[in-house]
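Novice: Below is the file query08.txt, with compact mmCIF, C-alpha atoms and all ligand atoms.
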```txt
# COMPACT_ATOMS: atom_id res chain seq x y z
CA MET A 278 -4.86 -4.65 -3.76
CA GLU A 279 -4.71 -4.05 -7.51
CA TRP A 280 -1.82 -1.59 -7.11
CA ILE A 281 0.10 -3.97 -4.84
CA MET A 282 -0.15 -6.78 -7.40
CA ALA A 283 0.70 -4.40 -10.27
CA GLU A 284 3.82 -3.10 -8.49
CA LEU A 285 4.92 -6.67 -7.71
CA LEU A 286 4.45 -7.75 -11.31
CA GLN A 287 6.42 -4.68 -12.39
CA HIS A 288 9.25 -5.58 -9.94
CA PRO A 289 9.82 -9.36 -10.18
CA GLU A 290 12.85 -9.20 -7.84
CA ILE A 291 10.61 -7.73 -5.09
CA MET A 292 7.89 -10.31 -5.81
CA GLU A 293 10.54 -13.05 -5.45
CA LYS A 294 11.71 -11.66 -2.08
CA ALA A 295 8.11 -11.52 -0.84
CA CYS A 296 7.51 -15.14 -1.91
CA LYS A 297 10.75 -16.20 -0.20
CA GLU A 298 9.62 -14.54 3.04
CA LEU A 299 6.31 -16.41 2.77
CA GLU A 300 8.11 -19.73 2.25
CA GLU A 301 10.22 -19.08 5.36
CA VAL A 302 7.36 -17.89 7.59
CA VAL A 303 4.48 -20.05 6.35
CA GLY A 304 6.24 -23.06 4.81
CA LYS A 305 5.96 -24.21 1.20
CA ASP A 306 2.97 -26.53 1.52
CA ASN A 307 1.09 -24.72 4.30
CA ILE A 308 -1.69 -22.20 3.89
CA VAL A 309 -1.35 -18.68 5.31
CA GLU A 310 -3.03 -18.30 8.70
CA GLU A 311 -3.71 -15.29 10.88
CA PHE A 312 -0.78 -15.95 13.22
CA HIS A 313 1.70 -15.69 10.31
CA ILE A 314 0.67 -12.13 9.46
CA SER A 315 2.63 -10.25 12.14
CA LYS A 316 5.81 -12.00 10.95
CA LEU A 317 5.56 -10.83 7.32
CA HIS A 318 7.71 -7.70 7.66
CA TYR A 319 8.81 -7.45 4.03
CA LEU A 320 5.26 -7.83 2.72
CA ASP A 321 4.13 -5.17 5.21
CA ALA A 322 6.79 -2.83 3.77
CA ILE A 323 5.53 -3.60 0.23
CA ILE A 324 1.99 -2.62 1.24
CA LYS A 325 3.27 0.61 2.84
CA GLU A 326 5.30 1.48 -0.25
CA THR A 327 2.22 0.88 -2.43
CA LEU A 328 0.07 3.11 -0.19
CA ARG A 329 2.80 5.78 -0.38
CA LEU A 330 2.89 5.87 -4.19
CA HIS A 331 -0.79 5.11 -4.76
CA PRO A 332 -2.83 6.40 -1.80
CA ALA A 333 -6.49 5.33 -2.08
CA THR A 334 -7.71 8.91 -1.57
CA PRO A 335 -5.02 11.25 -2.99
CA LEU A 336 -6.65 14.42 -1.59
CA LEU A 337 -8.16 12.89 1.59
CA ALA A 338 -11.49 14.42 2.63
CA PRO A 339 -11.62 18.24 2.55
CA ARG A 340 -11.41 20.06 5.92
CA SER A 341 -13.00 23.35 6.93
CA PRO A 342 -11.88 25.20 10.09
CA CYS A 343 -14.71 26.56 12.29
CA ILE A 344 -12.48 29.41 13.50
CA THR A 345 -9.81 31.46 11.70
CA GLN A 346 -6.42 29.86 12.36
CA THR A 347 -2.85 31.00 11.76
CA ILE A 348 -0.33 28.23 11.17
CA SER A 349 3.27 29.42 10.65
CA GLU A 350 2.84 32.48 8.42
CA TYR A 351 -0.41 31.26 6.84
CA THR A 352 -3.83 32.47 7.93
CA ILE A 353 -6.64 30.04 7.15
CA PRO A 354 -9.98 31.90 7.30
CA LYS A 355 -12.93 30.29 9.07
CA GLY A 356 -15.05 28.23 6.68
CA SER A 357 -12.40 27.93 3.95
CA ARG A 358 -11.94 24.61 2.21
CA VAL A 359 -8.58 22.98 2.96
CA ILE A 360 -7.38 20.14 0.78
CA PHE A 361 -4.34 18.00 1.62
CA ASN A 362 -2.59 16.66 -1.45
CA ILE A 363 -1.13 13.56 0.19
CA TRP A 364 -0.33 12.11 -3.25
CA ALA A 365 2.26 14.90 -3.63
CA MET A 366 3.34 14.87 0.06
CA GLN A 367 4.11 11.16 -0.17
CA ARG A 368 6.33 11.81 -3.22
CA ASP A 369 8.08 14.88 -1.78
CA PRO A 370 11.82 14.59 -2.61
CA VAL A 371 12.65 16.52 0.58
CA ALA A 372 11.09 13.78 2.70
CA TRP A 373 11.71 10.70 0.57
CA GLU A 374 14.90 9.48 -1.10
CA ASN A 375 14.28 8.56 -4.77
CA PRO A 376 10.57 9.26 -4.19
CA LEU A 377 9.33 7.87 -7.50
CA GLU A 378 11.05 4.52 -7.07
CA PHE A 379 9.26 1.51 -5.60
CA GLN A 380 11.57 0.64 -2.68
CA PRO A 381 9.82 -1.23 0.18
CA GLU A 382 13.18 -1.44 2.00
CA ARG A 383 12.87 2.25 3.00
CA PHE A 384 10.23 1.19 5.56
CA LEU A 385 12.43 -1.60 6.94
CA ARG A 386 15.34 0.82 7.42
CA ASP A 387 13.15 3.35 9.24
CA ALA A 388 9.97 1.90 10.78
CA GLU A 389 8.75 5.34 11.95
CA LYS A 390 8.30 6.41 8.34
CA GLY A 391 5.54 3.83 7.98
CA ASP A 392 3.39 4.89 10.94
CA TYR A 393 -0.28 4.66 9.86
CA GLN A 394 -1.60 6.76 12.78
CA GLY A 395 -1.24 10.13 11.08
CA ASN A 396 1.72 11.33 13.17
CA ASN A 397 4.14 11.44 10.25
CA TYR A 398 2.92 14.20 7.93
CA ASN A 399 4.85 12.78 4.98
CA PHE A 400 2.89 9.52 5.09
CA LEU A 401 -0.89 9.84 5.55
CA PRO A 402 -2.56 7.03 3.54
CA PHE A 403 -5.29 6.75 6.21
CA GLY A 404 -5.50 10.48 6.94
CA SER A 405 -4.81 12.14 10.27
CA GLY A 406 -6.50 13.78 13.23
CA ARG A 407 -10.04 13.26 14.47
CA ARG A 408 -11.34 12.07 11.06
CA ILE A 409 -8.56 9.52 10.55
CA CYS A 410 -9.74 6.22 9.06
CA PRO A 411 -11.15 4.10 11.91
CA GLY A 412 -10.68 0.94 9.81
CA ILE A 413 -6.84 0.90 9.99
CA PRO A 414 -6.47 -2.29 12.10
CA LEU A 415 -8.90 -4.21 9.87
CA ALA A 416 -7.46 -2.80 6.62
CA GLU A 417 -3.89 -3.62 7.72
CA LYS A 418 -4.74 -7.25 8.59
CA MET A 419 -6.95 -7.84 5.56
CA LEU A 420 -4.42 -6.45 3.08
CA LEU A 421 -1.64 -8.60 4.53
CA TYR A 422 -3.84 -11.68 4.71
CA VAL A 423 -5.27 -11.45 1.19
CA VAL A 424 -2.01 -10.46 -0.56
CA SER A 425 0.00 -13.12 1.27
CA THR A 426 -2.59 -15.78 0.34
CA LEU A 427 -2.57 -14.69 -3.32
CA LEU A 428 1.23 -14.77 -3.48
CA HIS A 429 1.69 -18.00 -1.54
CA SER A 430 -1.01 -19.94 -3.41
CA PHE A 431 -0.31 -18.81 -6.98
CA GLU A 432 2.46 -17.74 -9.28
CA TRP A 433 1.34 -14.57 -11.12
CA ASN A 434 2.02 -13.40 -14.66
CA ILE A 435 0.62 -10.85 -17.04
CA PRO A 436 -0.88 -12.21 -20.30
CA HIS A 437 1.75 -13.16 -22.88
CA GLY A 438 2.64 -10.32 -25.24
CA THR A 439 1.17 -7.56 -23.03
CA THR A 440 2.92 -4.81 -21.04
CA LEU A 441 2.00 -3.39 -17.66
CA ASP A 442 0.65 0.13 -17.59
CA LEU A 443 0.92 1.69 -14.14
CA SER A 444 -0.50 5.08 -15.09
CA GLU A 445 -3.23 6.50 -12.88
CA LYS A 446 -6.71 7.69 -13.68
CA PHE A 447 -7.41 11.02 -11.99
CA GLY A 448 -10.32 10.95 -9.55
CA LEU A 449 -11.39 10.98 -5.90
CA VAL A 450 -9.93 7.48 -5.60
CA THR A 451 -6.61 6.47 -7.20
CA LYS A 452 -7.49 3.91 -9.87
CA MET A 453 -5.37 2.30 -12.56
CA GLN A 454 -5.87 3.78 -16.02
CA GLU A 455 -5.98 0.23 -17.40
CA PRO A 456 -7.36 -2.37 -14.96
CA LEU A 457 -4.80 -5.02 -14.10
CA ILE A 458 -5.09 -8.41 -15.78
CA ALA A 459 -2.99 -11.08 -14.07
CA ILE A 460 -2.98 -14.84 -14.62
CA PRO A 461 -2.62 -17.20 -11.62
CA ILE A 462 -0.86 -20.57 -11.81
CA ALA A 463 -1.42 -22.94 -8.89
CA LYS A 464 1.64 -23.38 -6.63
CA TYR A 465 0.53 -25.99 -4.10
CA SER A 466 1.19 -29.60 -5.01
CA SER A 467 -2.12 -30.73 -3.48
CA PRO A 468 -5.46 -29.46 -4.86
CA GLU A 469 -6.93 -29.81 -1.32
CA HIS A 470 -5.19 -26.57 -0.33
CA TYR A 471 -7.52 -24.71 -2.66
CA LEU A 472 -10.78 -26.08 -1.22
C1 LIG B 501 -6.68 0.00 2.50
C2 LIG B 501 -7.82 0.27 3.10
C3 LIG B 501 -8.28 1.64 3.53
C4 LIG B 501 -7.73 2.88 3.22
C5 LIG B 501 -6.51 3.20 2.38
C6 LIG B 501 -8.56 3.87 3.89
C7 LIG B 501 -8.34 5.22 3.85
C8 LIG B 501 -9.16 6.18 4.43
C9 LIG B 501 -8.93 7.60 4.38
C10 LIG B 501 -7.74 8.27 3.68
C11 LIG B 501 -9.93 8.21 5.05
C12 LIG B 501 -10.10 9.74 5.24
C13 LIG B 501 -9.28 10.17 6.46
C14 LIG B 501 -9.06 11.66 6.52
O1 LIG B 501 -9.62 12.43 5.74
O2 LIG B 501 -8.27 12.09 7.42
C15 LIG B 501 -10.81 7.17 5.54
C16 LIG B 501 -11.95 7.40 6.27
C17 LIG B 501 -12.77 6.41 6.74
N1 LIG B 501 -12.56 5.04 6.64
FE1 LIG B 501 -11.04 4.14 5.68
N2 LIG B 501 -9.57 3.22 4.58
C18 LIG B 501 -9.43 1.88 4.39
C19 LIG B 501 -10.20 0.88 4.94
C20 LIG B 501 -11.27 1.09 5.76
C21 LIG B 501 -12.02 0.04 6.42
C22 LIG B 501 -11.67 -1.46 6.34
C23 LIG B 501 -13.03 0.65 7.11
C24 LIG B 501 -14.11 0.08 7.97
C25 LIG B 501 -14.17 -1.17 8.38
C26 LIG B 501 -12.91 2.08 6.89
C27 LIG B 501 -13.76 3.04 7.40
C28 LIG B 501 -13.61 4.40 7.26
C29 LIG B 501 -14.55 5.40 7.78
C30 LIG B 501 -15.86 5.11 8.54
C31 LIG B 501 -14.02 6.66 7.47
C32 LIG B 501 -14.62 8.04 7.79
C33 LIG B 501 -14.06 8.53 9.13
C34 LIG B 501 -14.58 9.93 9.52
O3 LIG B 501 -14.86 10.73 8.63
O4 LIG B 501 -14.64 10.21 10.72
N3 LIG B 501 -11.82 2.30 6.08
N4 LIG B 501 -10.31 5.95 5.16
```
What's the structure tokens form of this structure?
Ligand code: HEM
Specialist:
Amino acid sequence: MEWIMAELLQHPEIMEKACKELEEVVGKDNIVEEFHISKLHYLDAIIKETLRLHPATPLLAPRSPCITQTISEYTIPKGSRVIFNIWAMQRDPVAWENPLEFQPERFLRDAEKGDYQGNNYNFLPFGSGRRICPGIPLAEKMLLYVVSTLLHSFEWNIPHGTTLDLSEKFGLVTKMQEPLIAIPIAKYSSPEHYL
């Protein structure tokens, strides 16, 4: 959530497009409801692009084969520890055009690239195989619901005189080096929408 908001604050033109989509789908003075979520295609692409550049678990969970396996020309001995660096795979210039740029449109052009089910080995934010994250449907809905509500209810800015720092802190989970500080300004004309 923090990375999504940070990327949007870093790219005001993308934030503006997301807010425009919300105005069209939800309506200016309406609150976001569950039935709107499946219609927010641009916001969905923003979430995918954030999970591509900032996967929650950059090295997934380590795997260990119970039998010796040969895959292509590589032999993986039984019991060895196998680590998937999805952070690097999701920035691979062979698989992704301008991999370091934040471009949600890439997922609108090619929907297959954003498959969460672990079938596309260049995009594995929820892992793959039998230990894939079982929370995908909930995570997908909650991310869309919370981000759309934050964007549709408030205008967001960083504190005056500060700059955004999107550098990462190395660890099991991808965190921001400097936690994001963002200031909300109410958008709805009626305070009742916030109750
Ligand atoms: C944005 C939100 C989330 C992300 C990015 C995420 C990501 C992941 C990843 C990468 C794994 C490891 C998969 C692998 O190694 O192949 C995982 C495992 C898991 N996740 Fe999530 N997850 C999210 C939300 C959730 C939610 C909402 C739940 C539960 C309601 C959940 C429950 C689990 C469980 C139980 C596992 C362990 C599965 C196993 O080892 O068999 N996750 N998740």
Novice: Interatomic distance between atom C32 of ligand LIG 501 (chain B) and CA of Cys410 in chain A?
Specialist: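 Answer for the atom C32 of ligand LIG 501 (chain B) to CA of Cys410 in chain A separation: 5.4 Å.
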Novice: Can you pull out every residue with an atom within 9 Å of ligand LIG 501 (chain B)? Use only C-alpha atoms and all ligand atoms and format it as JSON, numbers by chain.
Specialist: {"A": [278, 328, 332, 333, 334, 335, 336, 337, 338, 339, 340, 361, 395, 401, 402, 403, 404, 405, 406, 407, 408, 409, 410, 411, 412, 413, 414, 415, 416, 417, 419, 420]}
Novice: Tell me, as a ChimeraX atom specification, which residues lie within 8 Å of Met366 in chain A, counting only C-alpha atoms; anything in the same chain fewer than 4 positions away does not count.
Specialist: /A:362,398-400
Novice: Find the smallest box with edges along x, y and z containing every listed atom of range 369-378 of chain A, then add 5 Å on each side and report centre and edge lengths in Å to one decimal, as JSON.
Specialist:
```
{"center_x": 11.5, "center_y": 10.5, "center_z": -2.4, "size_x": 16.8, "size_y": 22.0, "size_z": 20.2}
```
Novice: To one decimal place, how far is CA of Thr426 in chain A from CA of Leu299 in chain A in Å?
Specialist: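 A separation of 9.2 Å between them.
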Novice: Residues at most 12 Å from Ile462 in chain A, counting only C-alpha atoms, excluding those fewer than 2 positions away in the same chain, as a list in words?
Specialist: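 Counting only the stated atoms, we get Leu427, Leu428, His429, Ser430, Phe431, Glu432, Trp433, Asn434, Ile435, Pro436, Ala459, Ile460, Lys464, Tyr465 and Ser466 of chain A.
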Novice: How many Å lie between CA of Lys316 in chain A and CA of His288 in chain A, rounded to one decimal?
Specialist: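 About the pair CA of Lys316 in chain A and CA of His288 in chain A: they are 22.1 Å apart.
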Novice: So that I can see what lies close to His318 in chain A, please list as a count of residues only the residues with an atom at most 12 Å from it, counting all atoms listed in the file and leaving out residues fewer than 2 positions away in the same chain.
Specialist: 26
Novice: Check the smallest atom-to-atom distance from each of A:Lys355, A:Trp364, A:Tyr393, A:Leu286 to Pro461 in chain A using only C-alpha atoms, then report the winner.
Specialist: A:Leu286
Novice: Mind filling out range 445-460 of chain A with N, CA, C and O atoms and sending it as an mmCIF file, in the coordinates of the input?
Specialist:
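This is the output file part.cif:
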```cif
data_model
loop_
_atom_site.group_PDB
_atom_site.id
_atom_site.type_symbol
_atom_site.label_atom_id
_atom_site.label_comp_id
_atom_site.auth_asym_id
_atom_site.auth_seq_id
_atom_site.Cartn_x
_atom_site.Cartn_y
_atom_site.Cartn_z
ATOM 1 N N GLU A 445 -2.055 6.319 -13.734
ATOM 2 C CA GLU A 445 -3.230 6.500 -12.880
ATOM 3 C C GLU A 445 -4.332 7.248 -13.600
ATOM 4 O O GLU A 445 -4.072 8.071 -14.461
ATOM 5 N N LYS A 446 -5.545 6.975 -13.165
ATOM 6 C CA LYS A 446 -6.710 7.690 -13.680
ATOM 7 C C LYS A 446 -7.066 8.720 -12.620
ATOM 8 O O LYS A 446 -7.242 8.351 -11.444
ATOM 9 N N PHE A 447 -7.136 9.997 -12.990
ATOM 10 C CA PHE A 447 -7.410 11.020 -11.990
ATOM 11 C C PHE A 447 -8.838 10.883 -11.449
ATOM 12 O O PHE A 447 -9.776 10.625 -12.186
ATOM 13 N N GLY A 448 -8.986 11.019 -10.149
ATOM 14 C CA GLY A 448 -10.320 10.950 -9.550
ATOM 15 C C GLY A 448 -10.231 11.036 -8.038
ATOM 16 O O GLY A 448 -9.142 11.206 -7.487
ATOM 17 N N LEU A 449 -11.361 10.928 -7.368
ATOM 18 C CA LEU A 449 -11.390 10.980 -5.900
ATOM 19 C C LEU A 449 -10.603 9.820 -5.307
ATOM 20 O O LEU A 449 -10.016 9.912 -4.240
ATOM 21 N N VAL A 450 -10.632 8.685 -6.033
ATOM 22 C CA VAL A 450 -9.930 7.480 -5.600
ATOM 23 C C VAL A 450 -8.888 7.153 -6.666
ATOM 24 O O VAL A 450 -9.164 7.291 -7.857
ATOM 25 N N THR A 451 -7.673 6.756 -6.231
ATOM 26 C CA THR A 451 -6.610 6.470 -7.200
ATOM 27 C C THR A 451 -6.843 5.116 -7.869
ATOM 28 O O THR A 451 -6.657 4.075 -7.234
ATOM 29 N N LYS A 452 -7.257 5.166 -9.130
ATOM 30 C CA LYS A 452 -7.490 3.910 -9.870
ATOM 31 C C LYS A 452 -6.427 3.751 -10.951
ATOM 32 O O LYS A 452 -5.840 4.732 -11.387
ATOM 33 N N MET A 453 -6.274 2.511 -11.430
ATOM 34 C CA MET A 453 -5.370 2.300 -12.560
ATOM 35 C C MET A 453 -6.077 2.725 -13.843
ATOM 36 O O MET A 453 -7.269 2.464 -14.012
ATOM 37 N N GLN A 454 -5.314 3.365 -14.726
ATOM 38 C CA GLN A 454 -5.870 3.780 -16.020
ATOM 39 C C GLN A 454 -6.411 2.548 -16.763
ATOM 40 O O GLN A 454 -7.514 2.542 -17.262
ATOM 41 N N GLU A 455 -5.578 1.497 -16.788
ATOM 42 C CA GLU A 455 -5.980 0.230 -17.400
ATOM 43 C C GLU A 455 -6.076 -0.810 -16.283
ATOM 44 O O GLU A 455 -5.065 -1.097 -15.638
ATOM 45 N N PRO A 456 -7.260 -1.370 -16.041
ATOM 46 C CA PRO A 456 -7.360 -2.370 -14.960
ATOM 47 C C PRO A 456 -6.356 -3.516 -15.152
ATOM 48 O O PRO A 456 -6.088 -3.922 -16.274
ATOM 49 N N LEU A 457 -5.827 -3.980 -14.039
ATOM 50 C CA LEU A 457 -4.800 -5.020 -14.100
ATOM 51 C C LEU A 457 -5.403 -6.366 -14.523
ATOM 52 O O LEU A 457 -6.436 -6.779 -13.995
ATOM 53 N N ILE A 458 -4.717 -7.018 -15.447
ATOM 54 C CA ILE A 458 -5.090 -8.410 -15.780
ATOM 55 C C ILE A 458 -3.891 -9.279 -15.429
ATOM 56 O O ILE A 458 -2.789 -9.060 -15.941
ATOM 57 N N ALA A 459 -4.091 -10.207 -14.506
ATOM 58 C CA ALA A 459 -2.990 -11.080 -14.070
ATOM 59 C C ALA A 459 -3.486 -12.524 -14.082
ATOM 60 O O ALA A 459 -4.643 -12.807 -13.751
ATOM 61 N N ILE A 460 -2.590 -13.428 -14.471
ATOM 62 C CA ILE A 460 -2.980 -14.840 -14.620
ATOM 63 C C ILE A 460 -2.351 -15.665 -13.484
ATOM 64 O O ILE A 460 -1.127 -15.636 -13.308
#
```
